[in-house]
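Participant: The structure file target29.csv (CSV, N, CA and C atoms) is provided below.
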```
chain,number,residue,atom,x,y,z
A,16,VAL,N,-52.3,113.6,188.9
A,16,VAL,CA,-51.5,114.8,189.3
A,16,VAL,C,-50.6,114.5,190.4
A,17,GLN,N,-49.3,114.9,190.3
A,17,GLN,CA,-48.4,114.8,191.4
A,17,GLN,C,-48.0,116.2,191.9
A,18,LEU,N,-48.0,116.3,193.2
A,18,LEU,CA,-47.8,117.6,193.8
A,18,LEU,C,-46.5,117.6,194.6
A,19,GLN,N,-45.7,118.7,194.6
A,19,GLN,CA,-44.5,118.8,195.3
A,19,GLN,C,-44.5,120.2,196.0
A,20,ALA,N,-44.6,120.2,197.3
A,20,ALA,CA,-44.6,121.4,198.1
A,20,ALA,C,-43.2,121.7,198.5
A,21,SER,N,-42.9,123.0,198.6
A,21,SER,CA,-41.6,123.5,199.1
A,21,SER,C,-41.8,124.9,199.7
A,22,GLY,N,-40.7,125.4,200.3
A,22,GLY,CA,-40.7,126.7,200.8
A,22,GLY,C,-40.8,126.8,202.3
A,23,GLY,N,-41.0,125.7,203.0
A,23,GLY,CA,-41.1,125.8,204.5
A,23,GLY,C,-39.8,126.1,205.1
A,24,GLY,N,-39.8,126.4,206.4
A,24,GLY,CA,-38.6,126.7,207.1
A,24,GLY,C,-38.9,127.2,208.5
A,25,LEU,N,-37.8,127.8,209.1
A,25,LEU,CA,-37.9,128.4,210.4
A,25,LEU,C,-37.9,129.9,210.3
A,26,VAL,N,-38.8,130.5,210.9
A,26,VAL,CA,-38.9,132.0,210.8
A,26,VAL,C,-39.4,132.5,212.2
A,27,GLN,N,-39.0,133.7,212.5
A,27,GLN,CA,-39.4,134.4,213.7
A,27,GLN,C,-40.8,134.9,213.6
A,28,ALA,N,-41.5,135.0,214.7
A,28,ALA,CA,-42.8,135.6,214.7
A,28,ALA,C,-42.8,137.0,214.0
A,29,GLY,N,-43.8,137.2,213.2
A,29,GLY,CA,-43.9,138.4,212.5
A,29,GLY,C,-43.3,138.4,211.1
A,30,GLY,N,-42.5,137.3,210.8
A,30,GLY,CA,-41.9,137.1,209.6
A,30,GLY,C,-42.8,136.6,208.5
A,31,SER,N,-42.2,136.3,207.3
A,31,SER,CA,-43.0,135.8,206.2
A,31,SER,C,-42.3,134.6,205.5
A,32,LEU,N,-43.1,133.8,204.9
A,32,LEU,CA,-42.6,132.7,204.1
A,32,LEU,C,-43.6,132.6,202.9
A,33,ARG,N,-43.1,132.1,201.8
A,33,ARG,CA,-43.9,131.7,200.7
A,33,ARG,C,-43.8,130.3,200.3
A,34,LEU,N,-44.8,129.6,200.4
A,34,LEU,CA,-44.9,128.2,200.0
A,34,LEU,C,-45.2,128.0,198.6
A,35,SER,N,-44.7,127.1,197.9
A,35,SER,CA,-45.0,126.7,196.5
A,35,SER,C,-45.4,125.3,196.5
A,36,CYS,N,-46.3,125.0,195.5
A,36,CYS,CA,-46.7,123.6,195.2
A,36,CYS,C,-46.7,123.5,193.7
A,37,ALA,N,-45.7,122.7,193.3
A,37,ALA,CA,-45.6,122.5,191.8
A,37,ALA,C,-46.3,121.2,191.5
A,38,ALA,N,-47.1,121.2,190.4
A,38,ALA,CA,-47.9,120.1,190.0
A,38,ALA,C,-47.4,119.6,188.6
A,39,SER,N,-47.4,118.3,188.5
A,39,SER,CA,-47.1,117.7,187.2
A,39,SER,C,-48.5,117.3,186.5
A,40,GLY,N,-48.4,117.2,185.2
A,40,GLY,CA,-49.7,116.8,184.5
A,40,GLY,C,-50.3,118.0,183.8
A,41,ARG,N,-51.0,117.8,182.7
A,41,ARG,CA,-51.5,118.9,181.9
A,41,ARG,C,-52.9,119.3,182.4
A,42,THR,N,-53.4,118.6,183.5
A,42,THR,CA,-54.8,119.0,183.9
A,42,THR,C,-54.8,119.9,185.1
A,43,PHE,N,-53.6,120.4,185.5
A,43,PHE,CA,-53.5,121.2,186.7
A,43,PHE,C,-54.6,122.3,186.7
A,44,SER,N,-54.7,123.0,185.6
A,44,SER,CA,-55.6,124.2,185.5
A,44,SER,C,-57.1,123.8,185.7
A,45,SER,N,-57.4,122.6,185.7
A,45,SER,CA,-58.8,122.2,185.9
A,45,SER,C,-59.2,121.9,187.3
A,46,TYR,N,-58.2,121.9,188.2
A,46,TYR,CA,-58.4,121.6,189.6
A,46,TYR,C,-58.5,122.8,190.5
A,47,ASN,N,-59.4,122.8,191.4
A,47,ASN,CA,-59.3,123.7,192.6
A,47,ASN,C,-58.1,123.2,193.4
A,48,MET,N,-57.5,124.1,194.1
A,48,MET,CA,-56.3,123.8,194.9
A,48,MET,C,-56.5,124.3,196.3
A,49,GLY,N,-55.9,123.5,197.2
A,49,GLY,CA,-56.0,123.9,198.6
A,49,GLY,C,-54.8,123.7,199.4
A,50,TRP,N,-54.6,124.4,200.5
A,50,TRP,CA,-53.5,124.3,201.4
A,50,TRP,C,-54.2,123.9,202.8
A,51,PHE,N,-53.6,122.9,203.4
A,51,PHE,CA,-54.0,122.4,204.7
A,51,PHE,C,-52.8,122.3,205.6
A,52,ARG,N,-53.0,122.3,206.9
A,52,ARG,CA,-51.8,122.2,207.8
A,52,ARG,C,-52.2,121.2,208.9
A,53,GLN,N,-51.2,120.6,209.5
A,53,GLN,CA,-51.4,119.6,210.6
A,53,GLN,C,-50.3,119.7,211.6
A,54,VAL,N,-50.7,119.7,212.8
A,54,VAL,CA,-49.8,119.6,213.9
A,54,VAL,C,-49.9,118.2,214.5
A,55,PRO,N,-48.8,117.5,214.9
A,55,PRO,CA,-48.9,116.2,215.5
A,55,PRO,C,-49.9,116.1,216.6
A,56,GLY,N,-50.8,115.1,216.5
A,56,GLY,CA,-51.8,114.9,217.5
A,56,GLY,C,-53.1,115.6,217.3
A,57,LYS,N,-53.1,116.4,216.2
A,57,LYS,CA,-54.3,117.2,215.9
A,57,LYS,C,-54.8,116.8,214.5
A,58,GLU,N,-56.1,117.2,214.2
A,58,GLU,CA,-56.6,116.9,212.9
A,58,GLU,C,-56.1,117.9,211.9
A,59,ARG,N,-56.1,117.5,210.6
A,59,ARG,CA,-55.7,118.4,209.6
A,59,ARG,C,-56.6,119.5,209.5
A,60,GLU,N,-56.1,120.7,209.3
A,60,GLU,CA,-56.8,122.0,209.3
A,60,GLU,C,-56.8,122.7,208.0
A,61,PHE,N,-57.9,123.1,207.5
A,61,PHE,CA,-58.0,123.9,206.3
A,61,PHE,C,-57.3,125.3,206.5
A,62,VAL,N,-56.5,125.7,205.5
A,62,VAL,CA,-55.9,127.0,205.5
A,62,VAL,C,-56.4,127.9,204.4
A,63,ALA,N,-56.4,127.5,203.2
A,63,ALA,CA,-56.8,128.3,202.1
A,63,ALA,C,-57.1,127.5,200.9
A,64,ALA,N,-57.9,128.0,200.0
A,64,ALA,CA,-58.2,127.3,198.7
A,64,ALA,C,-58.4,128.3,197.6
A,65,ILE,N,-58.2,127.9,196.4
A,65,ILE,CA,-58.4,128.7,195.2
A,65,ILE,C,-59.0,127.9,194.1
A,66,GLY,N,-59.9,128.6,193.4
A,66,GLY,CA,-60.6,127.9,192.3
A,66,GLY,C,-59.7,127.7,191.1
A,67,TRP,N,-60.1,126.9,190.2
A,67,TRP,CA,-59.3,126.5,189.1
A,67,TRP,C,-58.8,127.6,188.2
A,68,SER,N,-59.6,128.7,188.1
A,68,SER,CA,-59.2,129.8,187.3
A,68,SER,C,-58.5,130.9,188.1
A,69,GLY,N,-58.5,130.8,189.4
A,69,GLY,CA,-57.9,131.8,190.3
A,69,GLY,C,-58.8,132.9,190.7
A,70,ASP,N,-60.1,132.8,190.3
A,70,ASP,CA,-61.0,134.0,190.5
A,70,ASP,C,-61.7,133.8,191.9
A,71,ARG,N,-61.6,132.6,192.5
A,71,ARG,CA,-62.3,132.4,193.8
A,71,ARG,C,-61.3,131.9,194.8
A,72,THR,N,-61.3,132.5,196.0
A,72,THR,CA,-60.5,132.1,197.1
A,72,THR,C,-61.3,132.0,198.3
A,73,ASP,N,-60.7,131.3,199.3
A,73,ASP,CA,-61.3,131.1,200.6
A,73,ASP,C,-60.2,130.9,201.6
A,74,TYR,N,-60.4,131.4,202.8
A,74,TYR,CA,-59.4,131.4,203.8
A,74,TYR,C,-60.0,131.0,205.2
A,75,ALA,N,-59.3,130.2,205.9
A,75,ALA,CA,-59.7,130.0,207.3
A,75,ALA,C,-59.6,131.3,208.1
A,76,ASP,N,-60.5,131.5,209.0
A,76,ASP,CA,-60.5,132.8,209.8
A,76,ASP,C,-59.2,133.0,210.4
A,77,SER,N,-58.5,132.0,210.8
A,77,SER,CA,-57.2,132.2,211.6
A,77,SER,C,-56.1,132.8,210.7
A,78,VAL,N,-56.3,132.7,209.4
A,78,VAL,CA,-55.2,133.2,208.5
A,78,VAL,C,-55.7,134.4,207.7
A,79,LYS,N,-56.9,134.7,207.7
A,79,LYS,CA,-57.5,135.7,206.8
A,79,LYS,C,-56.8,137.0,207.1
A,80,GLY,N,-56.4,137.7,206.0
A,80,GLY,CA,-55.7,139.0,206.2
A,80,GLY,C,-54.2,138.9,206.3
A,81,ARG,N,-53.7,137.7,206.6
A,81,ARG,CA,-52.3,137.4,206.7
A,81,ARG,C,-51.7,136.6,205.6
A,82,PHE,N,-52.5,135.6,205.1
A,82,PHE,CA,-52.1,134.7,204.1
A,82,PHE,C,-52.8,135.0,202.8
A,83,THR,N,-52.1,134.7,201.7
A,83,THR,CA,-52.7,134.9,200.4
A,83,THR,C,-52.4,133.7,199.5
A,84,ILE,N,-53.4,133.1,198.9
A,84,ILE,CA,-53.2,132.0,198.0
A,84,ILE,C,-53.3,132.5,196.6
A,85,SER,N,-52.5,132.0,195.7
A,85,SER,CA,-52.5,132.4,194.3
A,85,SER,C,-52.1,131.2,193.5
A,86,ARG,N,-52.2,131.3,192.2
A,86,ARG,CA,-51.8,130.2,191.3
A,86,ARG,C,-51.4,130.8,190.0
A,87,ASP,N,-50.5,130.1,189.3
A,87,ASP,CA,-50.0,130.4,188.0
A,87,ASP,C,-50.2,129.1,187.2
A,88,ASN,N,-51.3,129.1,186.4
A,88,ASN,CA,-51.6,127.9,185.7
A,88,ASN,C,-50.6,127.6,184.6
A,89,ALA,N,-49.9,128.6,184.1
A,89,ALA,CA,-48.9,128.4,183.1
A,89,ALA,C,-47.7,127.7,183.6
A,90,LYS,N,-47.5,127.9,184.9
A,90,LYS,CA,-46.3,127.2,185.6
A,90,LYS,C,-46.8,126.0,186.4
A,91,ASN,N,-48.1,125.7,186.4
A,91,ASN,CA,-48.6,124.5,187.2
A,91,ASN,C,-48.2,124.7,188.6
A,92,THR,N,-48.3,125.8,189.2
A,92,THR,CA,-47.9,126.1,190.6
A,92,THR,C,-49.0,126.9,191.3
A,93,VAL,N,-49.1,126.5,192.6
A,93,VAL,CA,-50.0,127.3,193.5
A,93,VAL,C,-49.1,127.8,194.6
A,94,TYR,N,-49.4,129.0,195.1
A,94,TYR,CA,-48.5,129.6,196.1
A,94,TYR,C,-49.3,129.9,197.4
A,95,LEU,N,-48.6,130.0,198.5
A,95,LEU,CA,-49.3,130.5,199.7
A,95,LEU,C,-48.3,131.5,200.3
A,96,GLN,N,-48.6,132.7,200.2
A,96,GLN,CA,-47.8,133.8,200.8
A,96,GLN,C,-48.3,134.0,202.3
A,97,MET,N,-47.4,133.8,203.2
A,97,MET,CA,-47.7,133.8,204.6
A,97,MET,C,-47.0,135.0,205.3
A,98,ASN,N,-47.7,136.0,205.7
A,98,ASN,CA,-47.1,137.2,206.4
A,98,ASN,C,-47.6,137.2,207.8
A,99,SER,N,-46.9,138.0,208.6
A,99,SER,CA,-47.2,138.2,210.0
A,99,SER,C,-47.4,136.8,210.7
A,100,LEU,N,-46.4,136.0,210.5
A,100,LEU,CA,-46.6,134.6,211.0
A,100,LEU,C,-46.5,134.6,212.6
A,101,LYS,N,-47.3,133.7,213.1
A,101,LYS,CA,-47.4,133.5,214.6
A,101,LYS,C,-46.9,132.1,214.9
A,102,PRO,N,-46.5,131.9,216.2
A,102,PRO,CA,-46.1,130.6,216.6
A,102,PRO,C,-47.2,129.5,216.4
A,103,ASP,N,-48.5,130.0,216.5
A,103,ASP,CA,-49.6,129.0,216.2
A,103,ASP,C,-49.7,128.6,214.8
A,104,ASP,N,-49.0,129.2,213.9
A,104,ASP,CA,-48.9,128.8,212.5
A,104,ASP,C,-48.0,127.6,212.3
A,105,THR,N,-47.2,127.3,213.3
A,105,THR,CA,-46.3,126.2,213.2
A,105,THR,C,-47.0,124.9,212.9
A,106,ALA,N,-46.7,124.2,211.8
A,106,ALA,CA,-47.3,123.0,211.3
A,106,ALA,C,-46.7,122.5,210.1
A,107,VAL,N,-47.1,121.3,209.7
A,107,VAL,CA,-46.7,120.8,208.4
A,107,VAL,C,-47.8,121.2,207.4
A,108,TYR,N,-47.4,121.9,206.3
A,108,TYR,CA,-48.3,122.4,205.4
A,108,TYR,C,-48.3,121.5,204.1
A,109,SER,N,-49.5,121.1,203.7
A,109,SER,CA,-49.6,120.3,202.5
A,109,SER,C,-50.6,120.9,201.5
A,110,CYS,N,-50.2,120.7,200.2
A,110,CYS,CA,-51.1,121.2,199.2
A,110,CYS,C,-51.9,120.0,198.6
A,111,ALA,N,-53.1,120.3,198.0
A,111,ALA,CA,-54.0,119.3,197.5
A,111,ALA,C,-54.7,119.8,196.3
A,112,ALA,N,-55.1,118.9,195.4
A,112,ALA,CA,-55.8,119.2,194.2
A,112,ALA,C,-57.1,118.5,194.2
A,113,GLY,N,-58.2,119.2,193.8
A,113,GLY,CA,-59.5,118.6,193.8
A,113,GLY,C,-60.5,119.6,194.3
A,114,GLY,N,-61.0,119.4,195.5
A,114,GLY,CA,-61.8,120.3,196.1
A,114,GLY,C,-63.3,120.3,195.6
A,115,GLY,N,-63.6,119.3,194.8
A,115,GLY,CA,-65.0,119.3,194.4
A,115,GLY,C,-65.3,120.2,193.3
A,116,SER,N,-66.4,119.9,192.5
A,116,SER,CA,-66.8,120.8,191.4
A,116,SER,C,-68.3,120.8,191.4
A,117,PRO,N,-69.0,121.9,191.1
A,117,PRO,CA,-68.3,123.3,190.9
A,117,PRO,C,-67.8,123.8,192.3
A,118,TRP,N,-67.1,125.0,192.2
A,118,TRP,CA,-66.5,125.6,193.4
A,118,TRP,C,-67.6,125.8,194.4
A,119,SER,N,-67.2,125.4,195.6
A,119,SER,CA,-68.1,125.6,196.8
A,119,SER,C,-67.1,125.8,198.0
A,120,GLU,N,-67.4,126.8,198.8
A,120,GLU,CA,-66.5,127.0,200.0
A,120,GLU,C,-66.7,125.8,200.9
A,121,ALA,N,-67.8,125.3,201.0
A,121,ALA,CA,-68.0,124.1,201.9
A,121,ALA,C,-67.2,123.0,201.5
A,122,ARG,N,-67.1,122.7,200.2
A,122,ARG,CA,-66.3,121.6,199.7
A,122,ARG,C,-64.9,121.9,199.7
A,123,ALA,N,-64.5,123.2,199.4
A,123,ALA,CA,-63.1,123.5,199.3
A,123,ALA,C,-62.4,123.4,200.7
A,124,ARG,N,-63.2,123.5,201.8
A,124,ARG,CA,-62.7,123.5,203.1
A,124,ARG,C,-62.5,122.1,203.7
A,125,ARG,N,-63.1,121.1,203.0
A,125,ARG,CA,-63.1,119.7,203.5
A,125,ARG,C,-62.0,118.9,202.8
A,126,ASP,N,-61.1,118.3,203.6
A,126,ASP,CA,-60.0,117.6,202.9
A,126,ASP,C,-60.4,116.4,202.1
A,127,TYR,N,-61.6,115.8,202.5
A,127,TYR,CA,-62.0,114.6,201.8
A,127,TYR,C,-62.5,114.8,200.4
A,128,TYR,N,-62.6,116.1,200.0
A,128,TYR,CA,-63.0,116.4,198.6
A,128,TYR,C,-61.8,116.5,197.7
A,129,TYR,N,-60.6,116.4,198.2
A,129,TYR,CA,-59.4,116.5,197.4
A,129,TYR,C,-58.9,115.2,197.0
A,130,ASP,N,-58.5,115.1,195.8
A,130,ASP,CA,-58.1,113.8,195.2
A,130,ASP,C,-56.6,113.5,195.3
A,131,TYR,N,-55.8,114.6,195.2
A,131,TYR,CA,-54.4,114.4,195.2
A,131,TYR,C,-53.7,115.3,196.2
A,132,TRP,N,-52.7,114.7,196.8
A,132,TRP,CA,-52.0,115.4,197.9
A,132,TRP,C,-50.5,115.3,197.7
A,133,GLY,N,-49.8,116.4,198.0
A,133,GLY,CA,-48.4,116.5,198.0
A,133,GLY,C,-47.9,116.1,199.4
A,134,GLN,N,-46.5,115.9,199.4
A,134,GLN,CA,-45.9,115.7,200.8
A,134,GLN,C,-45.9,117.1,201.5
A,135,GLY,N,-45.8,117.1,202.8
A,135,GLY,CA,-45.9,118.3,203.5
A,135,GLY,C,-44.5,119.0,203.5
A,136,THR,N,-44.6,120.3,203.9
A,136,THR,CA,-43.4,121.1,204.1
A,136,THR,C,-43.5,121.7,205.5
A,137,GLN,N,-42.5,121.6,206.3
A,137,GLN,CA,-42.6,122.0,207.7
A,137,GLN,C,-42.4,123.6,207.8
A,138,VAL,N,-43.3,124.2,208.5
A,138,VAL,CA,-43.2,125.6,208.8
A,138,VAL,C,-43.1,125.7,210.4
A,139,THR,N,-42.0,126.4,210.8
A,139,THR,CA,-41.8,126.6,212.2
A,139,THR,C,-41.7,128.0,212.5
A,140,VAL,N,-42.5,128.6,213.4
A,140,VAL,CA,-42.5,130.0,213.7
A,140,VAL,C,-42.1,130.1,215.2
A,141,SER,N,-40.9,130.7,215.4
A,141,SER,CA,-40.4,130.9,216.8
A,141,SER,C,-40.9,132.2,217.4
A,142,SER,N,-41.1,132.2,218.7
A,142,SER,CA,-41.6,133.4,219.4
A,142,SER,C,-40.4,134.3,219.8
```
As structure tokens, what does this structure read like?
Facilitator:
Amino acid sequence: VQLQASGGGLVQAGGSLRLSCAASGRTFSSYNMGWFRQVPGKEREFVAAIGWSGDRTDYADSVKGRFTISRDNAKNTVYLQMNSLKPDDTAVYSCAAGGGSPWSEARARRDYYYDYWGQGTQVTVSS
């Protein structure tokens, strides 16, 4: 599976962005998908994850209520809708496929359970 993330950019605090992650390959719908973010000098941080069928989701406490993860298996795409953005959300956001099976929040939150990674997309939130 090859992943291509897009949709990052510069936005003012309180604004919104929607990230997309397009996947190649016919097995996309069999993978749990996750979004992670990283700031230079810090460890990669879990943001959100969604099960292969879309019926299960999980969010980091820092984004719960502001971000929404979704997927369209017909389009081989996973989305991250980010609302009420804060300067602390500034990071490079990456999507990943894998997350372990069966679904487990513990596994979905750990980057080492993901098998495939896309390149990151920069999100910058100005104050």
Participant: I need the residue nearest Gly23 in chain A from this list: A:Tyr128, A:Ser35, A:Asp73, A:Ala89. Use only C-alpha atoms for the distance.
Facilitator: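 Distance minimum relative to Gly23 in chain A lands on A:Ser35.
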Participant: Report as a PyMOL selection string all protein, DNA and RNA residues lying within 7 Å of Ser44 in chain A, evaluated on only N, CA and C atoms, omitting residues in the same chain fewer than 6 positions from it.
Facilitator: chain A and resi 67-68+88+91
Participant: Expressed in Å to a single decimal, how great is the separation between CA of Gly24 in chain A and CA of Ala111 in chain A?
Facilitator: 19.6 Å
Participant: Could you check which of A:Ala38, A:Ser45, A:Ser141, A:Gly56 is closest to Asp104 in chain A, using only C-alpha atoms?
Facilitator: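 Distance minimum relative to Asp104 in chain A lands on A:Ser141.
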Participant: Figure out the distance between atom N of Val140 in chain A and atom C of Gly113 in chain A, please, to one decimal in Å.
Facilitator: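 Between atom C of Gly113 in chain A and atom N of Val140 in chain A the gap is 27.7 Å.
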Participant: Using only C-alpha atoms, pick whichever of A:Leu34, A:Met48, A:Cys110, A:Thr105 has the shortest atom-to-atom distance to Ser142 in chain A.
Facilitator: A:Thr105
Participant: Can you list every residue in range 20-132 of chain A that DSSP puts in strand (DSSP E), as a compact mmCIF listing (two decimals) with N, CA and C atoms, in the coordinates of the input?
Facilitator:
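Dumped everything to result.txt:
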```
# COMPACT_ATOMS: atom_id res chain seq x y z
N ALA A 20 -44.60 120.20 197.30
CA ALA A 20 -44.60 121.40 198.10
C ALA A 20 -43.20 121.70 198.50
N SER A 21 -42.90 123.00 198.60
CA SER A 21 -41.60 123.50 199.10
C SER A 21 -41.80 124.90 199.70
N GLY A 24 -39.80 126.40 206.40
CA GLY A 24 -38.60 126.70 207.10
C GLY A 24 -38.90 127.20 208.50
N LEU A 25 -37.80 127.80 209.10
CA LEU A 25 -37.90 128.40 210.40
C LEU A 25 -37.90 129.90 210.30
N VAL A 26 -38.80 130.50 210.90
CA VAL A 26 -38.90 132.00 210.80
C VAL A 26 -39.40 132.50 212.20
N GLN A 27 -39.00 133.70 212.50
CA GLN A 27 -39.40 134.40 213.70
C GLN A 27 -40.80 134.90 213.60
N LEU A 32 -43.10 133.80 204.90
CA LEU A 32 -42.60 132.70 204.10
C LEU A 32 -43.60 132.60 202.90
N ARG A 33 -43.10 132.10 201.80
CA ARG A 33 -43.90 131.70 200.70
C ARG A 33 -43.80 130.30 200.30
N LEU A 34 -44.80 129.60 200.40
CA LEU A 34 -44.90 128.20 200.00
C LEU A 34 -45.20 128.00 198.60
N SER A 35 -44.70 127.10 197.90
CA SER A 35 -45.00 126.70 196.50
C SER A 35 -45.40 125.30 196.50
N CYS A 36 -46.30 125.00 195.50
CA CYS A 36 -46.70 123.60 195.20
C CYS A 36 -46.70 123.50 193.70
N ALA A 37 -45.70 122.70 193.30
CA ALA A 37 -45.60 122.50 191.80
C ALA A 37 -46.30 121.20 191.50
N ALA A 38 -47.10 121.20 190.40
CA ALA A 38 -47.90 120.10 190.00
C ALA A 38 -47.40 119.60 188.60
N ASN A 47 -59.40 122.80 191.40
CA ASN A 47 -59.30 123.70 192.60
C ASN A 47 -58.10 123.20 193.40
N MET A 48 -57.50 124.10 194.10
CA MET A 48 -56.30 123.80 194.90
C MET A 48 -56.50 124.30 196.30
N GLY A 49 -55.90 123.50 197.20
CA GLY A 49 -56.00 123.90 198.60
C GLY A 49 -54.80 123.70 199.40
N TRP A 50 -54.60 124.40 200.50
CA TRP A 50 -53.50 124.30 201.40
C TRP A 50 -54.20 123.90 202.80
N PHE A 51 -53.60 122.90 203.40
CA PHE A 51 -54.00 122.40 204.70
C PHE A 51 -52.80 122.30 205.60
N ARG A 52 -53.00 122.30 206.90
CA ARG A 52 -51.80 122.20 207.80
C ARG A 52 -52.20 121.20 208.90
N GLN A 53 -51.20 120.60 209.50
CA GLN A 53 -51.40 119.60 210.60
C GLN A 53 -50.30 119.70 211.60
N GLU A 60 -56.10 120.70 209.30
CA GLU A 60 -56.80 122.00 209.30
C GLU A 60 -56.80 122.70 208.00
N PHE A 61 -57.90 123.10 207.50
CA PHE A 61 -58.00 123.90 206.30
C PHE A 61 -57.30 125.30 206.50
N VAL A 62 -56.50 125.70 205.50
CA VAL A 62 -55.90 127.00 205.50
C VAL A 62 -56.40 127.90 204.40
N ALA A 63 -56.40 127.50 203.20
CA ALA A 63 -56.80 128.30 202.10
C ALA A 63 -57.10 127.50 200.90
N ALA A 64 -57.90 128.00 200.00
CA ALA A 64 -58.20 127.30 198.70
C ALA A 64 -58.40 128.30 197.60
N ILE A 65 -58.20 127.90 196.40
CA ILE A 65 -58.40 128.70 195.20
C ILE A 65 -59.00 127.90 194.10
N THR A 72 -61.30 132.50 196.00
CA THR A 72 -60.50 132.10 197.10
C THR A 72 -61.30 132.00 198.30
N ASP A 73 -60.70 131.30 199.30
CA ASP A 73 -61.30 131.10 200.60
C ASP A 73 -60.20 130.90 201.60
N TYR A 74 -60.40 131.40 202.80
CA TYR A 74 -59.40 131.40 203.80
C TYR A 74 -60.00 131.00 205.20
N PHE A 82 -52.50 135.60 205.10
CA PHE A 82 -52.10 134.70 204.10
C PHE A 82 -52.80 135.00 202.80
N THR A 83 -52.10 134.70 201.70
CA THR A 83 -52.70 134.90 200.40
C THR A 83 -52.40 133.70 199.50
N ILE A 84 -53.40 133.10 198.90
CA ILE A 84 -53.20 132.00 198.00
C ILE A 84 -53.30 132.50 196.60
N SER A 85 -52.50 132.00 195.70
CA SER A 85 -52.50 132.40 194.30
C SER A 85 -52.10 131.20 193.50
N ARG A 86 -52.20 131.30 192.20
CA ARG A 86 -51.80 130.20 191.30
C ARG A 86 -51.40 130.80 190.00
N ASP A 87 -50.50 130.10 189.30
CA ASP A 87 -50.00 130.40 188.00
C ASP A 87 -50.20 129.10 187.20
N THR A 92 -48.30 125.80 189.20
CA THR A 92 -47.90 126.10 190.60
C THR A 92 -49.00 126.90 191.30
N VAL A 93 -49.10 126.50 192.60
CA VAL A 93 -50.00 127.30 193.50
C VAL A 93 -49.10 127.80 194.60
N TYR A 94 -49.40 129.00 195.10
CA TYR A 94 -48.50 129.60 196.10
C TYR A 94 -49.30 129.90 197.40
N LEU A 95 -48.60 130.00 198.50
CA LEU A 95 -49.30 130.50 199.70
C LEU A 95 -48.30 131.50 200.30
N GLN A 96 -48.60 132.70 200.20
CA GLN A 96 -47.80 133.80 200.80
C GLN A 96 -48.30 134.00 202.30
N MET A 97 -47.40 133.80 203.20
CA MET A 97 -47.70 133.80 204.60
C MET A 97 -47.00 135.00 205.30
N ALA A 106 -46.70 124.20 211.80
CA ALA A 106 -47.30 123.00 211.30
C ALA A 106 -46.70 122.50 210.10
N VAL A 107 -47.10 121.30 209.70
CA VAL A 107 -46.70 120.80 208.40
C VAL A 107 -47.80 121.20 207.40
N TYR A 108 -47.40 121.90 206.30
CA TYR A 108 -48.30 122.40 205.40
C TYR A 108 -48.30 121.50 204.10
N SER A 109 -49.50 121.10 203.70
CA SER A 109 -49.60 120.30 202.50
C SER A 109 -50.60 120.90 201.50
N CYS A 110 -50.20 120.70 200.20
CA CYS A 110 -51.10 121.20 199.20
C CYS A 110 -51.90 120.00 198.60
N ALA A 111 -53.10 120.30 198.00
CA ALA A 111 -54.00 119.30 197.50
C ALA A 111 -54.70 119.80 196.30
N ALA A 112 -55.10 118.90 195.40
CA ALA A 112 -55.80 119.20 194.20
C ALA A 112 -57.10 118.50 194.20
N GLY A 113 -58.20 119.20 193.80
CA GLY A 113 -59.50 118.60 193.80
C GLY A 113 -60.50 119.60 194.30
N TYR A 131 -55.80 114.60 195.20
CA TYR A 131 -54.40 114.40 195.20
C TYR A 131 -53.70 115.30 196.20
N TRP A 132 -52.70 114.70 196.80
CA TRP A 132 -52.00 115.40 197.90
C TRP A 132 -50.50 115.30 197.70
```
Participant: Could you list, as a PyMOL selection string, every residue within 6 Å of range 123-125 of chain A, counting only N, CA and C atoms and ignoring same-chain residues fewer than 4 positions away?
Facilitator: chain A and resi 61+114+119+129
Participant: For the atom pair atom C of Gly135 in chain A and CA of Lys79 in chain A, what is the interatomic distance in Å to one decimal place?
Facilitator: 21.4 Å
Participant: Draw an axis-aligned box tight on the listed atoms of range 56-65 of chain A, then pad every side by 4 Å and write out centre and edge lengths in Å to one decimal as lines of an AutoDock Vina configuration file.
Facilitator:
```
center_x = -54.9
center_y = 121.8
center_z = 205.8
size_x = 16.2
size_y = 21.8
size_z = 31.4
```
Participant: For Arg122 in chain A, which of A:Ala106, A:Gly49, A:Gly40, A:Gly29 is the closest residue, counting only C-alpha atoms?
Facilitator: A:Gly49
Participant: Gly66 in chain A: which residues within 6.5 Å, counting all atoms listed in the file, same-chain residues fewer than 4 positions away excluded, as a ChimeraX atom specification?
Facilitator: /A:46-48,70-72,118
Participant: Output the selection as an mmCIF file, in the frame of the given file - N, CA and C atoms for each residue.
Facilitator:
```
data_model
loop_
_atom_site.group_PDB
_atom_site.id
_atom_site.type_symbol
_atom_site.label_atom_id
_atom_site.label_comp_id
_atom_site.auth_asym_id
_atom_site.auth_seq_id
_atom_site.Cartn_x
_atom_site.Cartn_y
_atom_site.Cartn_z
ATOM 1 N N TYR A 46 -58.200 121.900 188.200
ATOM 2 C CA TYR A 46 -58.400 121.600 189.600
ATOM 3 C C TYR A 46 -58.500 122.800 190.500
ATOM 4 N N ASN A 47 -59.400 122.800 191.400
ATOM 5 C CA ASN A 47 -59.300 123.700 192.600
ATOM 6 C C ASN A 47 -58.100 123.200 193.400
ATOM 7 N N MET A 48 -57.500 124.100 194.100
ATOM 8 C CA MET A 48 -56.300 123.800 194.900
ATOM 9 C C MET A 48 -56.500 124.300 196.300
ATOM 10 N N ASP A 70 -60.100 132.800 190.300
ATOM 11 C CA ASP A 70 -61.000 134.000 190.500
ATOM 12 C C ASP A 70 -61.700 133.800 191.900
ATOM 13 N N ARG A 71 -61.600 132.600 192.500
ATOM 14 C CA ARG A 71 -62.300 132.400 193.800
ATOM 15 C C ARG A 71 -61.300 131.900 194.800
ATOM 16 N N THR A 72 -61.300 132.500 196.000
ATOM 17 C CA THR A 72 -60.500 132.100 197.100
ATOM 18 C C THR A 72 -61.300 132.000 198.300
ATOM 19 N N TRP A 118 -67.100 125.000 192.200
ATOM 20 C CA TRP A 118 -66.500 125.600 193.400
ATOM 21 C C TRP A 118 -67.600 125.800 194.400
#
```
Participant: So, with only C-alpha atoms as the atoms that count, which of A:Ile84, A:Cys36, A:Val93, A:Ala75 lies closest to Gln19 in chain A?
Facilitator: A:Cys36
